[in-house]
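Structure below is run35.csv: CSV, C-alpha atoms (C1' of nucleotides).
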chain,number,residue,atom,x,y,z
D,25,MET,CA,100.1,66.2,104.3
D,26,GLU,CA,102.1,69.1,102.9
D,27,ASN,CA,101.2,70.7,99.7
D,28,PRO,CA,104.3,71.5,97.6
D,29,ILE,CA,102.6,74.8,96.5
D,30,ASN,CA,101.8,77.3,99.2
D,31,THR,CA,102.8,75.6,102.4
D,32,SER,CA,102.4,78.8,104.3
D,33,VAL,CA,98.7,79.5,104.8
D,34,GLU,CA,95.5,77.4,104.7
D,35,ILE,CA,96.6,75.6,107.9
D,36,GLN,CA,93.8,76.7,110.1
D,37,ASP,CA,90.6,77.9,108.5
D,38,ALA,CA,90.8,76.2,105.2
D,39,PRO,CA,88.0,76.9,102.7
D,40,CYS,CA,88.2,80.7,102.3
D,41,ARG,CA,91.9,80.9,102.5
D,42,ALA,CA,92.5,78.0,100.1
D,43,ASN,CA,90.3,79.7,97.5
D,44,CYS,CA,92.2,82.9,98.3
D,45,SER,CA,95.6,81.5,97.9
D,46,GLU,CA,94.5,79.8,94.7
D,47,ASN,CA,93.9,83.2,93.1
D,48,LEU,CA,97.0,84.5,94.8
D,49,SER,CA,99.4,82.0,93.2
D,50,ALA,CA,97.7,82.2,89.9
D,51,VAL,CA,98.0,86.0,89.8
D,52,GLU,CA,101.6,85.7,91.1
D,53,ASP,CA,102.5,83.4,88.2
D,54,ALA,CA,100.9,85.8,85.7
D,55,ILE,CA,102.8,88.7,87.2
D,56,TYR,CA,106.0,86.7,87.1
D,57,VAL,CA,106.0,86.4,83.4
D,58,ILE,CA,104.2,89.5,82.2
D,59,GLY,CA,104.9,91.8,85.1
D,60,GLY,CA,107.1,94.9,85.1
D,61,LYS,CA,106.9,98.2,83.3
D,62,TRP,CA,107.5,97.0,79.8
D,63,LYS,CA,106.5,93.5,78.9
D,64,LEU,CA,102.8,94.2,78.3
D,65,LYS,CA,103.5,97.4,76.4
D,66,ILE,CA,105.9,95.5,74.1
D,67,ILE,CA,103.3,92.8,73.5
D,68,ILE,CA,100.6,95.4,72.7
D,69,VAL,CA,102.7,97.2,70.1
D,70,LEU,CA,103.6,93.9,68.4
D,71,GLN,CA,100.0,92.8,68.4
D,72,GLU,CA,98.7,96.0,66.9
D,73,LEU,CA,101.4,96.7,64.4
D,74,GLY,CA,102.5,93.3,63.3
D,75,ASN,CA,106.2,93.1,62.4
D,76,VAL,CA,108.2,95.7,64.2
D,77,ARG,CA,111.9,96.4,64.1
D,78,PHE,CA,114.1,97.0,67.1
D,79,ASN,CA,114.6,100.7,66.8
D,80,GLU,CA,111.0,101.3,65.8
D,81,LEU,CA,109.9,99.4,68.9
D,82,GLN,CA,112.2,101.6,71.0
D,83,ARG,CA,110.7,104.7,69.5
D,84,MET,CA,107.1,103.5,70.0
D,85,ILE,CA,107.7,102.7,73.7
D,86,SER,CA,108.9,106.0,75.1
D,87,GLY,CA,111.4,105.8,77.9
D,88,ILE,CA,112.9,102.4,77.3
D,89,SER,CA,116.6,102.0,76.7
D,90,ALA,CA,118.2,99.7,74.1
D,91,LYS,CA,119.6,97.5,76.8
D,92,VAL,CA,116.4,97.1,78.7
D,93,LEU,CA,114.4,96.5,75.5
D,94,SER,CA,116.9,93.9,74.4
D,95,ASN,CA,116.6,92.1,77.7
D,96,GLU,CA,112.8,92.3,77.7
D,97,LEU,CA,112.6,90.9,74.2
D,98,LYS,CA,114.8,88.0,75.2
D,99,ASP,CA,112.6,87.2,78.1
D,100,LEU,CA,109.5,87.4,76.0
D,101,GLU,CA,111.0,85.2,73.4
D,102,LEU,CA,111.9,82.6,76.0
D,103,ASN,CA,108.4,82.6,77.3
D,104,GLY,CA,106.9,82.3,73.8
D,105,PHE,CA,105.3,85.7,73.5
D,106,VAL,CA,107.4,87.0,70.6
D,107,LYS,CA,109.3,85.6,67.7
D,108,ARG,CA,112.5,87.1,66.4
D,109,VAL,CA,112.9,87.0,62.6
D,110,VAL,CA,116.2,87.8,61.0
D,111,HIS,CA,116.5,88.9,57.4
D,112,ALA,CA,120.1,88.1,56.8
D,113,GLU,CA,120.0,88.8,53.1
D,114,GLN,CA,120.3,92.5,53.4
D,115,THR,CA,122.9,94.7,54.9
D,116,PRO,CA,122.6,96.2,57.4
D,117,VAL,CA,120.8,93.3,58.9
D,118,VAL,CA,117.0,93.7,59.4
D,119,VAL,CA,115.5,92.1,62.4
D,120,GLU,CA,111.8,92.0,63.0
D,121,TYR,CA,109.8,91.0,66.1
D,122,ILE,CA,106.3,89.5,65.8
D,123,SER,CA,103.8,88.4,68.3
D,124,THR,CA,103.0,84.7,68.6
D,125,ASP,CA,99.7,83.0,68.8
D,126,TYR,CA,100.4,82.4,72.5
D,127,SER,CA,100.7,86.1,73.2
D,128,ARG,CA,97.2,86.5,71.8
D,129,THR,CA,95.9,84.5,74.8
D,130,LEU,CA,96.6,87.7,76.7
D,131,LYS,CA,93.9,89.6,74.9
D,132,THR,CA,91.4,89.6,77.7
D,133,VAL,CA,94.1,90.6,80.2
D,134,ILE,CA,95.2,93.5,78.1
D,135,MET,CA,91.7,94.6,77.4
D,136,SER,CA,90.6,94.6,81.0
D,137,LEU,CA,93.7,96.4,82.1
D,138,SER,CA,93.5,99.1,79.4
D,139,GLU,CA,89.8,99.6,80.1
D,140,TRP,CA,90.4,99.9,83.8
D,141,GLY,CA,93.3,102.3,83.1
D,142,ARG,CA,91.0,104.6,81.1
D,143,LYS,CA,88.4,104.7,83.8
D,144,HIS,CA,91.0,105.2,86.5
D,145,LYS,CA,92.4,108.2,84.6
D,146,SER,CA,89.0,110.0,84.5
D,147,ASN,CA,88.4,109.1,88.2
D,148,ILE,CA,91.7,110.8,89.0
D,149,ARG,CA,90.6,113.9,87.3
D,150,GLU,CA,87.3,114.0,89.3
D,151,ASP,CA,89.3,113.5,92.5
D,152,VAL,CA,91.3,116.6,91.7
D,153,PHE,CA,88.2,118.7,91.5
D,154,GLU,CA,86.5,117.2,94.5
D,155,ASN,CA,89.4,117.1,96.7
D,156,THR,CA,89.8,120.4,98.4
D,157,SER,CA,93.0,119.4,100.1
D,158,VAL,CA,94.8,120.2,96.8
D,159,ARG,CA,95.3,123.9,97.1
Y,111,MET,CA,98.8,120.6,67.1
Y,112,GLU,CA,100.5,118.8,70.0
Y,113,ASN,CA,98.7,116.4,72.2
Y,114,PRO,CA,99.8,116.9,75.8
Y,115,ILE,CA,99.7,113.1,76.3
Y,116,ASN,CA,102.0,111.0,74.2
Y,117,THR,CA,103.7,113.5,71.9
Y,118,SER,CA,106.1,110.9,70.8
Y,119,VAL,CA,104.4,108.7,68.2
Y,120,GLU,CA,101.4,109.1,65.9
Y,121,ILE,CA,103.2,111.7,63.9
Y,122,GLN,CA,103.4,110.0,60.5
Y,123,ASP,CA,100.9,107.1,60.0
Y,124,ALA,CA,98.2,108.1,62.4
Y,125,PRO,CA,95.2,105.7,62.5
Y,126,CYS,CA,96.7,102.5,63.6
Y,127,ARG,CA,99.3,104.0,65.8
Y,128,ALA,CA,96.9,106.3,67.5
Y,129,ASN,CA,94.7,103.4,68.5
Y,130,CYS,CA,97.8,101.6,69.6
Y,131,SER,CA,99.2,104.3,71.8
Y,132,GLU,CA,95.7,104.7,73.2
Y,133,ASN,CA,95.9,101.2,74.7
Y,134,LEU,CA,99.5,101.7,75.5
Y,135,SER,CA,98.9,104.7,77.7
Y,136,ALA,CA,95.9,103.2,79.3
Y,137,VAL,CA,97.8,100.1,80.2
Y,138,GLU,CA,100.7,102.2,81.4
Y,139,ASP,CA,98.5,104.1,83.7
Y,140,ALA,CA,97.1,100.9,85.1
Y,141,ILE,CA,100.5,99.4,85.6
Y,142,TYR,CA,101.6,102.6,87.3
Y,143,VAL,CA,99.2,102.2,90.1
Y,144,ILE,CA,98.7,98.5,90.5
Y,145,GLY,CA,102.0,97.3,89.1
Y,146,GLY,CA,104.8,95.6,91.0
Y,147,LYS,CA,105.0,92.3,92.7
Y,148,TRP,CA,102.7,93.0,95.6
Y,149,LYS,CA,99.9,95.4,95.1
Y,150,LEU,CA,97.4,93.1,93.4
Y,151,LYS,CA,98.2,90.3,95.8
Y,152,ILE,CA,97.4,92.6,98.8
Y,153,ILE,CA,94.2,93.7,97.2
Y,154,ILE,CA,93.2,90.1,96.5
Y,155,VAL,CA,93.7,89.1,100.1
Y,156,LEU,CA,91.8,92.0,101.5
Y,157,GLN,CA,88.9,91.4,99.1
Y,158,GLU,CA,88.6,87.8,99.9
Y,159,LEU,CA,89.2,87.9,103.7
Y,160,GLY,CA,87.6,91.3,104.6
Y,161,ASN,CA,89.4,92.9,107.6
Y,162,VAL,CA,93.0,91.8,107.9
Y,163,ARG,CA,95.6,92.9,110.3
Y,164,PHE,CA,99.1,93.8,109.4
Y,165,ASN,CA,100.9,90.7,110.6
Y,166,GLU,CA,98.2,88.5,109.3
Y,167,LEU,CA,98.6,90.2,105.9
Y,168,GLN,CA,102.3,89.6,106.0
Y,169,ARG,CA,101.8,85.9,106.8
Y,170,MET,CA,99.4,85.5,104.0
Y,171,ILE,CA,101.6,87.1,101.4
Y,172,SER,CA,104.7,85.0,101.6
Y,173,GLY,CA,108.0,86.7,100.9
Y,174,ILE,CA,107.0,90.3,101.7
Y,175,SER,CA,108.9,92.1,104.4
Y,176,ALA,CA,107.3,94.4,107.0
Y,177,LYS,CA,108.9,97.5,105.4
Y,178,VAL,CA,107.8,96.7,101.9
Y,179,LEU,CA,104.3,95.8,103.1
Y,180,SER,CA,104.1,99.0,105.0
Y,181,ASN,CA,105.1,101.0,101.9
Y,182,GLU,CA,102.7,99.2,99.7
Y,183,LEU,CA,99.8,99.7,102.0
Y,184,LYS,CA,100.5,103.4,102.1
Y,185,ASP,CA,100.6,103.6,98.4
Y,186,LEU,CA,97.3,101.6,98.1
Y,187,GLU,CA,95.7,103.8,100.7
Y,188,LEU,CA,96.7,107.0,98.8
Y,189,ASN,CA,95.2,105.6,95.7
Y,190,GLY,CA,92.0,104.7,97.4
Y,191,PHE,CA,92.3,100.9,97.2
Y,192,VAL,CA,92.5,100.1,100.9
Y,193,LYS,CA,91.3,101.8,104.1
Y,194,ARG,CA,93.3,101.7,107.3
Y,195,VAL,CA,91.2,101.3,110.5
Y,196,VAL,CA,92.8,101.8,113.9
Y,197,HIS,CA,91.1,100.4,117.0
Y,198,ALA,CA,92.8,102.6,119.6
Y,199,GLU,CA,90.8,101.4,122.5
Y,200,GLN,CA,92.9,98.3,123.0
Y,201,THR,CA,96.5,97.9,123.9
Y,202,PRO,CA,98.5,96.8,122.0
Y,203,VAL,CA,96.9,98.7,119.2
Y,204,VAL,CA,94.9,96.8,116.7
Y,205,VAL,CA,95.0,97.9,113.1
Y,206,GLU,CA,92.9,96.5,110.3
Y,207,TYR,CA,93.0,97.0,106.6
Y,208,ILE,CA,89.9,96.7,104.5
Y,209,SER,CA,89.4,96.9,100.8
Y,210,THR,CA,87.4,99.9,99.4
Y,211,ASP,CA,84.6,100.0,96.9
Y,212,TYR,CA,87.0,101.3,94.4
Y,213,SER,CA,89.3,98.3,94.7
Y,214,ARG,CA,86.4,96.3,93.6
Y,215,THR,CA,86.5,97.9,90.2
Y,216,LEU,CA,89.6,95.7,89.7
Y,217,LYS,CA,87.5,92.5,89.8
Y,218,THR,CA,87.6,91.9,86.1
Y,219,VAL,CA,91.3,92.7,85.9
Y,220,ILE,CA,92.1,90.3,88.7
Y,221,MET,CA,89.9,87.6,87.3
Y,222,SER,CA,91.4,87.7,83.8
Y,223,LEU,CA,94.9,87.7,85.3
Y,224,SER,CA,94.3,84.8,87.6
Y,225,GLU,CA,92.6,82.8,84.9
Y,226,TRP,CA,95.4,83.5,82.5
Y,227,GLY,CA,97.9,82.5,85.2
Y,228,ARG,CA,96.2,79.2,85.8
Y,229,LYS,CA,96.2,78.3,82.1
Y,230,HIS,CA,99.8,79.4,81.7
Y,231,LYS,CA,100.9,77.2,84.5
Y,232,SER,CA,99.5,74.1,82.8
Y,233,ASN,CA,101.0,75.2,79.5
Y,234,ILE,CA,104.4,75.4,81.2
Y,235,ARG,CA,104.0,71.8,82.4
Y,236,GLU,CA,103.2,70.6,78.8
Y,237,ASP,CA,106.3,72.4,77.6
Y,238,VAL,CA,108.5,70.6,80.0
Y,239,PHE,CA,107.3,67.2,78.7
Y,240,GLU,CA,107.5,68.2,75.1
Y,241,ASN,CA,110.7,70.0,75.3
Y,242,THR,CA,113.6,67.5,74.9
Y,243,SER,CA,116.1,70.1,75.7
Y,244,VAL,CA,115.4,69.7,79.4
Y,245,ARG,CA,117.5,66.8,80.4
I,172,DC,C1',101.1,94.5,117.9
I,173,DG,C1',102.1,97.7,114.2
I,174,DG,C1',105.0,99.7,112.4
I,175,DG,C1',109.3,103.7,111.8
I,176,DA,C1',114.4,104.6,111.5
I,177,DT,C1',118.7,103.3,110.1
I,178,DC,C1',122.3,100.9,107.8
I,179,DC,C1',123.8,98.5,103.9
I,180,DG,C1',124.6,95.3,100.0
I,181,DC,C1',123.3,94.4,95.6
I,182,DT,C1',120.8,94.6,91.6
I,183,DC,C1',119.0,97.2,87.9
I,184,DA,C1',118.8,100.8,84.8
I,185,DG,C1',120.9,104.9,82.5
I,186,DA,C1',124.6,106.8,79.7
I,187,DT,C1',128.0,106.3,76.7
I,188,DA,C1',130.8,104.0,73.5
I,189,DC,C1',131.6,100.5,70.4
I,190,DT,C1',130.8,96.5,66.8
I,191,DG,C1',129.2,93.4,62.7
V,95,DC,C1',120.5,98.9,61.9
V,96,DA,C1',120.6,96.0,65.9
V,97,DG,C1',122.3,95.4,69.4
V,98,DT,C1',126.6,94.4,73.1
V,99,DA,C1',130.1,96.1,76.7
V,100,DT,C1',131.4,98.8,80.4
V,101,DC,C1',130.9,101.8,84.1
V,102,DT,C1',128.3,103.9,87.4
V,103,DG,C1',124.8,105.7,90.7
V,104,DA,C1',120.3,105.4,92.6
V,105,DG,C1',117.1,102.8,94.8
V,106,DC,C1',115.0,98.6,96.4
V,107,DG,C1',114.7,95.4,99.6
V,108,DG,C1',116.8,92.8,103.7
V,109,DA,C1',118.2,92.9,108.5
V,110,DT,C1',118.2,94.8,112.8
V,111,DC,C1',116.9,97.8,116.4
V,112,DC,C1',113.6,100.6,118.5
V,113,DC,C1',109.2,102.9,120.0
V,114,DG,C1',104.1,103.7,121.5
Would you write out, as structure tokens, the structure that this file holds?
Amino acid sequence: MENPINTSVEIQDAPCRANCSENLSAVEDAIYVIGGKWKLKIIIVLQELGNVRFNELQRMISGISAKVLSNELKDLELNGFVKRVVHAEQTPVVVEYISTDYSRTLKTVIMSLSEWGRKHKSNIREDVFENTSVR
Amino acid sequence: MENPINTSVEIQDAPCRANCSENLSAVEDAIYVIGGKWKLKIIIVLQELGNVRFNELQRMISGISAKVLSNELKDLELNGFVKRVVHAEQTPVVVEYISTDYSRTLKTVIMSLSEWGRKHKSNIREDVFENTSVR
DNA sequence: CGGGATCCGCTCAGATACTG
DNA sequence: CAGTATCTGAGCGGATCCCG
């Protein structure tokens, strides 16, 4: 009788709402793992540049602190998006991060997001000129 | 000499990094307006159900508090994703929120995210069975 | 019903310093 | 270089009360 997932809605008028909460929970799951300000940006850098070292990564992603970057990388590694490679031969130790095959499944997500972001930016500009309330 | 946007990177080895930071800033802009735990979920509900009232919205999106929902709706209204419609005739007042045309430009973003979320969920399940460290 | 105002705890992120 | 440790403050979100 009770669905373990989403017991809250779909009680009364099922069809539309079931479909809705289907999307809802799927998007929720996605946001849960790749949400936040940094995760997708880290993934993008690793995908486009290949092997990247910690400090280089921090320089590429402006505004992120070492602590936060460190935590984000751990998260991403746990979820299988990045791989941590340690070259212990040398001193000081060199550590590189690389994107996994799994992170490549995010390609379409990243593309749709960046395309939308580009369009949105130009729309904003138009708004500034149209909108007379800015004065 | 200096680009007003993203002055940080692309100083040395330009071509790859310029492309990279292009995507980076676009995704950053997108995340800035539709990021967070709630915004996309609110947009999805409004797109799928049409007019939705405040309390109904809160019931649909499990876990959100009235204050947070209120703030998110203001944000979304400012950015042109939702429209607030007040029916002042009746008492108590009825307020409905509807999604705008502009929020429909997010269709592909939402679809790619929800599709990815679905796949990810099934991948997680496989991991649980494969992974002997869970015991 | 649809919120706003207030208080308040608690996490998170920044800054700084330190280590192998 | 690649982080960790510690402290600290802002802010987010919860709970409660209140209003039109």
- What's the 12 Å shell around Thr115 in chain D, counting all atoms listed in the file, without same-chain residues fewer than 3 positions away, as a VMD selection string? (chain D and resid 110 to 112 118 to 119) or (chain I and resid 191) or (chain V and resid 95 to 96)
Closest atom pairs, chain D residues within 10 Å of chain I, only C-alpha atoms (C1' of nucleotides), as a tab-separated table:
residue	atom	partner	partner_atom	distance
D:Ile88	CA	I:DA184	C1'	9.7
D:Ser89	CA	I:DG185	C1'	7.8
D:Lys91	CA	I:DA184	C1'	8.7
D:Val92	CA	I:DA184	C1'	7.5
D:Pro116	CA	I:DG191	C1'	8.9
D:Val117	CA	I:DG191	C1'	9.2
- Message: What's the separation between CA of Asn189 in chain Y and CA of Ser45 in chain D, in Å to one decimal place?
- Response: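 So the two atoms, CA of Asn189 in chain Y and CA of Ser45 in chain D, lie 24.2 Å apart.
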- Message: For a cutoff of 9 Å around the file-coordinate point (90.6, 100.3, 94.8), which residues qualify once you count only C-alpha atoms (C1' of nucleotides)? I'd like the result as a list of chain:residue names.
- Response: Y:Ile153, Y:Leu186, Y:Glu187, Y:Asn189, Y:Gly190, Y:Phe191, Y:Val192, Y:Ser209, Y:Thr210, Y:Asp211, Y:Tyr212, Y:Ser213, Y:Arg214, Y:Thr215, Y:Leu216
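Between CA of Trp226 in chain Y and CA of Lys61 in chain D there is a distance of 18.7 Å.
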